[in-house]
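What follows is the content of model_9.tsv, which has TSV, N, CA and C atoms:
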```tsv
chain	number	residue	atom	x	y	z
A	1	MET	N	0.84	-1.17	0.00
A	1	MET	CA	0.00	0.00	0.00
A	1	MET	C	0.89	1.24	0.00
A	2	GLU	N	0.33	2.34	-0.42
A	2	GLU	CA	1.10	3.59	-0.49
A	2	GLU	C	0.84	4.44	0.74
A	3	LEU	N	1.90	5.00	1.29
A	3	LEU	CA	1.81	5.92	2.42
A	3	LEU	C	2.32	7.28	1.97
A	4	ILE	N	1.56	8.33	2.30
A	4	ILE	CA	1.96	9.70	2.03
A	4	ILE	C	1.84	10.46	3.35
A	5	ILE	N	2.95	11.02	3.81
A	5	ILE	CA	2.95	11.82	5.03
A	5	ILE	C	3.24	13.26	4.65
A	6	LEU	N	2.28	14.14	4.96
A	6	LEU	CA	2.37	15.55	4.58
A	6	LEU	C	2.43	16.44	5.81
A	7	LEU	N	3.28	17.44	5.77
A	7	LEU	CA	3.29	18.53	6.74
A	7	LEU	C	2.75	19.75	6.01
A	8	PRO	N	2.41	20.82	6.72
A	8	PRO	CA	1.86	22.00	6.03
A	8	PRO	C	2.75	22.54	4.92
A	9	ASP	N	4.06	22.37	5.04
A	9	ASP	CA	4.96	22.96	4.06
A	9	ASP	C	5.73	21.98	3.18
A	10	LYS	N	5.59	20.66	3.43
A	10	LYS	CA	6.34	19.71	2.60
A	10	LYS	C	5.83	18.28	2.77
A	11	THR	N	6.25	17.44	1.86
A	11	THR	CA	5.97	16.01	1.93
A	11	THR	C	7.15	15.33	2.63
A	12	ILE	N	6.87	14.62	3.72
A	12	ILE	CA	7.92	13.94	4.49
A	12	ILE	C	8.26	12.59	3.89
A	13	PHE	N	7.22	11.84	3.46
A	13	PHE	CA	7.44	10.50	2.92
A	13	PHE	C	6.35	10.17	1.91
A	14	LYS	N	6.74	9.49	0.85
A	14	LYS	CA	5.80	8.95	-0.12
A	14	LYS	C	6.40	7.67	-0.66
A	15	GLY	N	5.74	6.54	-0.39
A	15	GLY	CA	6.27	5.27	-0.87
A	15	GLY	C	5.43	4.09	-0.43
A	16	GLU	N	5.87	2.91	-0.82
A	16	GLU	CA	5.17	1.66	-0.51
A	16	GLU	C	5.58	1.16	0.86
A	17	VAL	N	4.58	0.78	1.66
A	17	VAL	CA	4.84	0.27	3.01
A	17	VAL	C	4.03	-1.01	3.23
A	18	ASP	N	4.48	-1.80	4.22
A	18	ASP	CA	3.76	-3.02	4.60
A	18	ASP	C	2.72	-2.74	5.67
A	19	SER	N	3.02	-1.79	6.57
A	19	SER	CA	2.08	-1.45	7.64
A	19	SER	C	2.35	-0.04	8.15
A	20	VAL	N	1.32	0.54	8.79
A	20	VAL	CA	1.42	1.86	9.39
A	20	VAL	C	0.72	1.81	10.74
A	21	ASN	N	1.36	2.32	11.77
A	21	ASN	CA	0.73	2.47	13.10
A	21	ASN	C	0.53	3.95	13.35
A	22	LEU	N	-0.70	4.32	13.72
A	22	LEU	CA	-1.06	5.73	13.86
A	22	LEU	C	-1.65	6.02	15.25
A	23	PRO	N	-1.38	7.23	15.79
A	23	PRO	CA	-1.92	7.61	17.10
A	23	PRO	C	-3.29	8.27	16.97
A	24	GLY	N	-4.34	7.49	16.83
A	24	GLY	CA	-5.69	8.03	16.73
A	24	GLY	C	-6.13	8.69	18.03
A	25	THR	N	-7.06	9.63	17.94
A	25	THR	CA	-7.49	10.35	19.14
A	25	THR	C	-8.22	9.46	20.13
A	26	ILE	N	-8.80	8.35	19.67
A	26	ILE	CA	-9.46	7.43	20.61
A	26	ILE	C	-8.65	6.15	20.80
A	27	GLY	N	-7.41	6.17	20.34
A	27	GLY	CA	-6.52	5.02	20.52
A	27	GLY	C	-5.66	4.78	19.30
A	28	ASN	N	-4.51	4.18	19.54
A	28	ASN	CA	-3.61	3.83	18.44
A	28	ASN	C	-4.23	2.74	17.58
A	29	PHE	N	-3.93	2.76	16.28
A	29	PHE	CA	-4.43	1.71	15.39
A	29	PHE	C	-3.43	1.44	14.28
A	30	SER	N	-3.54	0.25	13.71
A	30	SER	CA	-2.65	-0.18	12.63
A	30	SER	C	-3.43	-0.28	11.33
A	31	VAL	N	-2.73	-0.03	10.23
A	31	VAL	CA	-3.32	-0.13	8.90
A	31	VAL	C	-2.48	-1.11	8.09
A	32	LEU	N	-3.14	-2.10	7.51
A	32	LEU	CA	-2.50	-3.07	6.62
A	32	LEU	C	-3.19	-3.01	5.27
A	33	LYS	N	-2.59	-3.64	4.27
A	33	LYS	CA	-3.18	-3.67	2.93
A	33	LYS	C	-4.60	-4.23	3.02
A	34	GLY	N	-5.52	-3.60	2.30
A	34	GLY	CA	-6.91	-4.04	2.27
A	34	GLY	C	-7.77	-3.45	3.38
A	35	HIS	N	-7.23	-2.50	4.15
A	35	HIS	CA	-7.98	-1.86	5.24
A	35	HIS	C	-9.22	-1.17	4.68
A	36	ALA	N	-10.29	-1.19	5.45
A	36	ALA	CA	-11.52	-0.52	5.06
A	36	ALA	C	-11.29	0.99	4.98
A	37	PRO	N	-11.99	1.68	4.09
A	37	PRO	CA	-11.86	3.14	3.99
A	37	PRO	C	-12.28	3.80	5.30
A	38	MET	N	-11.54	4.83	5.70
A	38	MET	CA	-11.88	5.58	6.91
A	38	MET	C	-11.11	6.88	6.96
A	39	ILE	N	-11.59	7.77	7.81
A	39	ILE	CA	-10.89	9.02	8.13
A	39	ILE	C	-10.81	9.08	9.64
A	40	SER	N	-9.65	9.45	10.17
A	40	SER	CA	-9.46	9.53	11.62
A	40	SER	C	-8.67	10.77	11.99
A	41	SER	N	-9.05	11.38	13.08
A	41	SER	CA	-8.22	12.44	13.64
A	41	SER	C	-7.06	11.79	14.39
A	42	LEU	N	-5.95	12.51	14.47
A	42	LEU	CA	-4.75	11.98	15.13
A	42	LEU	C	-4.35	12.91	16.26
A	43	LYS	N	-3.84	12.31	17.35
A	43	LYS	CA	-3.33	13.09	18.47
A	43	LYS	C	-1.81	13.12	18.39
A	44	SER	N	-1.19	13.86	19.28
A	44	SER	CA	0.27	13.87	19.35
A	44	SER	C	0.75	12.45	19.66
A	45	GLY	N	1.78	12.03	18.96
A	45	GLY	CA	2.31	10.69	19.16
A	45	GLY	C	3.30	10.31	18.08
A	46	ILE	N	3.46	9.02	17.90
A	46	ILE	CA	4.45	8.48	16.97
A	46	ILE	C	3.75	7.74	15.84
A	47	VAL	N	4.11	8.08	14.60
A	47	VAL	CA	3.69	7.32	13.41
A	47	VAL	C	4.83	6.36	13.10
A	48	LYS	N	4.52	5.05	13.04
A	48	LYS	CA	5.53	4.05	12.70
A	48	LYS	C	5.10	3.36	11.41
A	49	TYR	N	6.07	3.12	10.53
A	49	TYR	CA	5.76	2.43	9.28
A	49	TYR	C	6.93	1.57	8.86
A	50	ILE	N	6.61	0.49	8.14
A	50	ILE	CA	7.62	-0.44	7.64
A	50	ILE	C	7.64	-0.35	6.12
A	51	VAL	N	8.80	0.02	5.59
A	51	VAL	CA	8.97	0.20	4.14
A	51	VAL	C	9.01	-1.17	3.46
A	52	SER	N	8.22	-1.34	2.41
A	52	SER	CA	8.12	-2.62	1.71
A	52	SER	C	9.43	-3.05	1.08
A	53	GLU	N	10.16	-2.11	0.52
A	53	GLU	CA	11.36	-2.43	-0.26
A	53	GLU	C	12.43	-3.16	0.56
A	54	ASN	N	12.65	-2.70	1.81
A	54	ASN	CA	13.74	-3.29	2.59
A	54	ASN	C	13.33	-3.75	3.99
A	55	GLY	N	12.07	-3.59	4.36
A	55	GLY	CA	11.59	-4.03	5.66
A	55	GLY	C	12.04	-3.15	6.82
A	56	GLU	N	12.64	-2.01	6.51
A	56	GLU	CA	13.12	-1.11	7.55
A	56	GLU	C	11.95	-0.36	8.20
A	57	GLU	N	12.01	-0.22	9.54
A	57	GLU	CA	10.97	0.49	10.27
A	57	GLU	C	11.41	1.91	10.58
A	58	PHE	N	10.49	2.86	10.38
A	58	PHE	CA	10.75	4.26	10.66
A	58	PHE	C	9.72	4.78	11.64
A	59	SER	N	10.10	5.78	12.43
A	59	SER	CA	9.20	6.44	13.38
A	59	SER	C	9.26	7.94	13.16
A	60	LEU	N	8.13	8.60	13.32
A	60	LEU	CA	8.03	10.04	13.13
A	60	LEU	C	7.09	10.61	14.18
A	61	GLY	N	7.55	11.56	14.97
A	61	GLY	CA	6.71	12.21	15.96
A	61	GLY	C	5.84	13.27	15.31
A	62	ILE	N	4.56	13.31	15.69
A	62	ILE	CA	3.63	14.31	15.17
A	62	ILE	C	2.92	15.01	16.33
A	63	ASN	N	2.37	16.17	16.04
A	63	ASN	CA	1.62	16.93	17.04
A	63	ASN	C	0.13	16.95	16.73
A	64	GLY	N	-0.36	15.92	16.09
A	64	GLY	CA	-1.77	15.84	15.73
A	64	GLY	C	-1.97	15.96	14.24
A	65	GLY	N	-3.23	15.83	13.80
A	65	GLY	CA	-3.56	15.91	12.39
A	65	GLY	C	-4.70	14.98	12.06
A	66	PHE	N	-4.70	14.44	10.84
A	66	PHE	CA	-5.71	13.45	10.47
A	66	PHE	C	-5.14	12.50	9.44
A	67	ALA	N	-5.80	11.34	9.30
A	67	ALA	CA	-5.39	10.33	8.34
A	67	ALA	C	-6.60	9.92	7.51
A	68	SER	N	-6.35	9.69	6.23
A	68	SER	CA	-7.36	9.21	5.30
A	68	SER	C	-6.87	7.89	4.72
A	69	ILE	N	-7.74	6.88	4.75
A	69	ILE	CA	-7.38	5.56	4.22
A	69	ILE	C	-8.43	5.18	3.18
A	70	LYS	N	-7.97	4.94	1.94
A	70	LYS	CA	-8.88	4.59	0.87
A	70	LYS	C	-8.13	3.87	-0.23
A	71	MET	N	-8.61	2.71	-0.63
A	71	MET	CA	-8.05	1.92	-1.73
A	71	MET	C	-6.54	1.74	-1.62
A	72	ASP	N	-6.09	1.30	-0.43
A	72	ASP	CA	-4.67	1.02	-0.16
A	72	ASP	C	-3.77	2.25	-0.31
A	73	VAL	N	-4.34	3.43	-0.06
A	73	VAL	CA	-3.54	4.66	0.02
A	73	VAL	C	-3.83	5.29	1.38
A	74	VAL	N	-2.79	5.49	2.17
A	74	VAL	CA	-2.90	6.12	3.48
A	74	VAL	C	-2.28	7.51	3.38
A	75	LYS	N	-3.09	8.53	3.60
A	75	LYS	CA	-2.59	9.90	3.58
A	75	LYS	C	-2.65	10.43	5.00
A	76	VAL	N	-1.51	10.89	5.50
A	76	VAL	CA	-1.41	11.47	6.84
A	76	VAL	C	-1.07	12.95	6.69
A	77	CYS	N	-1.95	13.80	7.16
A	77	CYS	CA	-1.69	15.24	7.20
A	77	CYS	C	-1.42	15.58	8.66
A	78	ALA	N	-0.19	15.99	8.95
A	78	ALA	CA	0.23	16.15	10.34
A	78	ALA	C	0.86	17.51	10.58
A	79	GLU	N	0.95	17.84	11.86
A	79	GLU	CA	1.64	19.06	12.30
A	79	GLU	C	2.96	18.69	12.91
```
So, in terms of structure tokens, how does the structure I just supplied come out?
Amino acid sequence: MELIILLPDKTIFKGEVDSVNLPGTIGNFSVLKGHAPMISSLKSGIVKYIVSENGEEFSLGINGGFASIKMDVVKVCAE
């Protein structure tokens, strides 16, 4: 699935990932390929994702935002 992480002034990451863990406002949740479409607000926390190409895990601290999941594309708009 494709992950796109956007900040107000730039794109932090755009690429294929195996999974994404997000800090939702009502609890952390994971997204895998085939996830149902949804939109969620995000609280301050850590976004973790595993890159498909090499299996490497990355972490990124955010101060809130929202995530959109649709047709194996995860878009994270964060502060």
Nearest to Lys48 (chain A) among A:Val73, A:Val17, A:Leu6, A:Leu60, with distances taken over all atoms listed in the file: which residue is it?
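The closest residue to Lys48 (chain A) is A:Leu60.
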Within 6.5 Å of (5.5, -1.6, 8.5) (file coordinates; only N, CA and C atoms), which protein or nucleic acid residues are there? I'd like them as number ranges by chain.
A: 17-20, 48-51, 57
Could the residues in this selection be written to a file with N, CA and C atoms, as a PDB file, in the coordinates of the input?
```pdb
ATOM      1  N   VAL A  17       4.580   0.780   1.660  1.00  0.00           N
ATOM      2  CA  VAL A  17       4.840   0.270   3.010  1.00  0.00           C
ATOM      3  C   VAL A  17       4.030  -1.010   3.230  1.00  0.00           C
ATOM      4  N   ASP A  18       4.480  -1.800   4.220  1.00  0.00           N
ATOM      5  CA  ASP A  18       3.760  -3.020   4.600  1.00  0.00           C
ATOM      6  C   ASP A  18       2.720  -2.740   5.670  1.00  0.00           C
ATOM      7  N   SER A  19       3.020  -1.790   6.570  1.00  0.00           N
ATOM      8  CA  SER A  19       2.080  -1.450   7.640  1.00  0.00           C
ATOM      9  C   SER A  19       2.350  -0.040   8.150  1.00  0.00           C
ATOM     10  N   VAL A  20       1.320   0.540   8.790  1.00  0.00           N
ATOM     11  CA  VAL A  20       1.420   1.860   9.390  1.00  0.00           C
ATOM     12  C   VAL A  20       0.720   1.810  10.740  1.00  0.00           C
ATOM     13  N   LYS A  48       4.520   5.050  13.040  1.00  0.00           N
ATOM     14  CA  LYS A  48       5.530   4.050  12.700  1.00  0.00           C
ATOM     15  C   LYS A  48       5.100   3.360  11.410  1.00  0.00           C
ATOM     16  N   TYR A  49       6.070   3.120  10.530  1.00  0.00           N
ATOM     17  CA  TYR A  49       5.760   2.430   9.280  1.00  0.00           C
ATOM     18  C   TYR A  49       6.930   1.570   8.860  1.00  0.00           C
ATOM     19  N   ILE A  50       6.610   0.490   8.140  1.00  0.00           N
ATOM     20  CA  ILE A  50       7.620  -0.440   7.640  1.00  0.00           C
ATOM     21  C   ILE A  50       7.640  -0.350   6.120  1.00  0.00           C
ATOM     22  N   VAL A  51       8.800   0.020   5.590  1.00  0.00           N
ATOM     23  CA  VAL A  51       8.970   0.200   4.140  1.00  0.00           C
ATOM     24  C   VAL A  51       9.010  -1.170   3.460  1.00  0.00           C
ATOM     25  N   GLU A  57      12.010  -0.220   9.540  1.00  0.00           N
ATOM     26  CA  GLU A  57      10.970   0.490  10.270  1.00  0.00           C
ATOM     27  C   GLU A  57      11.410   1.910  10.580  1.00  0.00           C
TER      28      GLU A  57
END
```
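Omitting region 63-65 of chain A and its sequence neighbours fewer than 3 positions away, and counting all atoms listed in the file, the residues within 7 Å are A:Ser40, A:Ser41, A:Leu42, A:Lys43, A:Ser44, A:Gly45, A:Val76, A:Cys77, A:Ala78, A:Glu79.
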For atom C of Val31 (chain A) and CA of Pro8 (chain A), the interatomic separation in Å (one decimal):
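Between atom C of Val31 (chain A) and CA of Pro8 (chain A) the gap works out to 23.6 Å.
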Atom N of Thr25 (chain A) to CA of Glu53 (chain A): how many Å, to one decimal?
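Those two atoms sit 28.6 Å apart.
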CA of Leu3 (chain A) to CA of Gly24 (chain A), straight-line distance in Å
16.3 Å
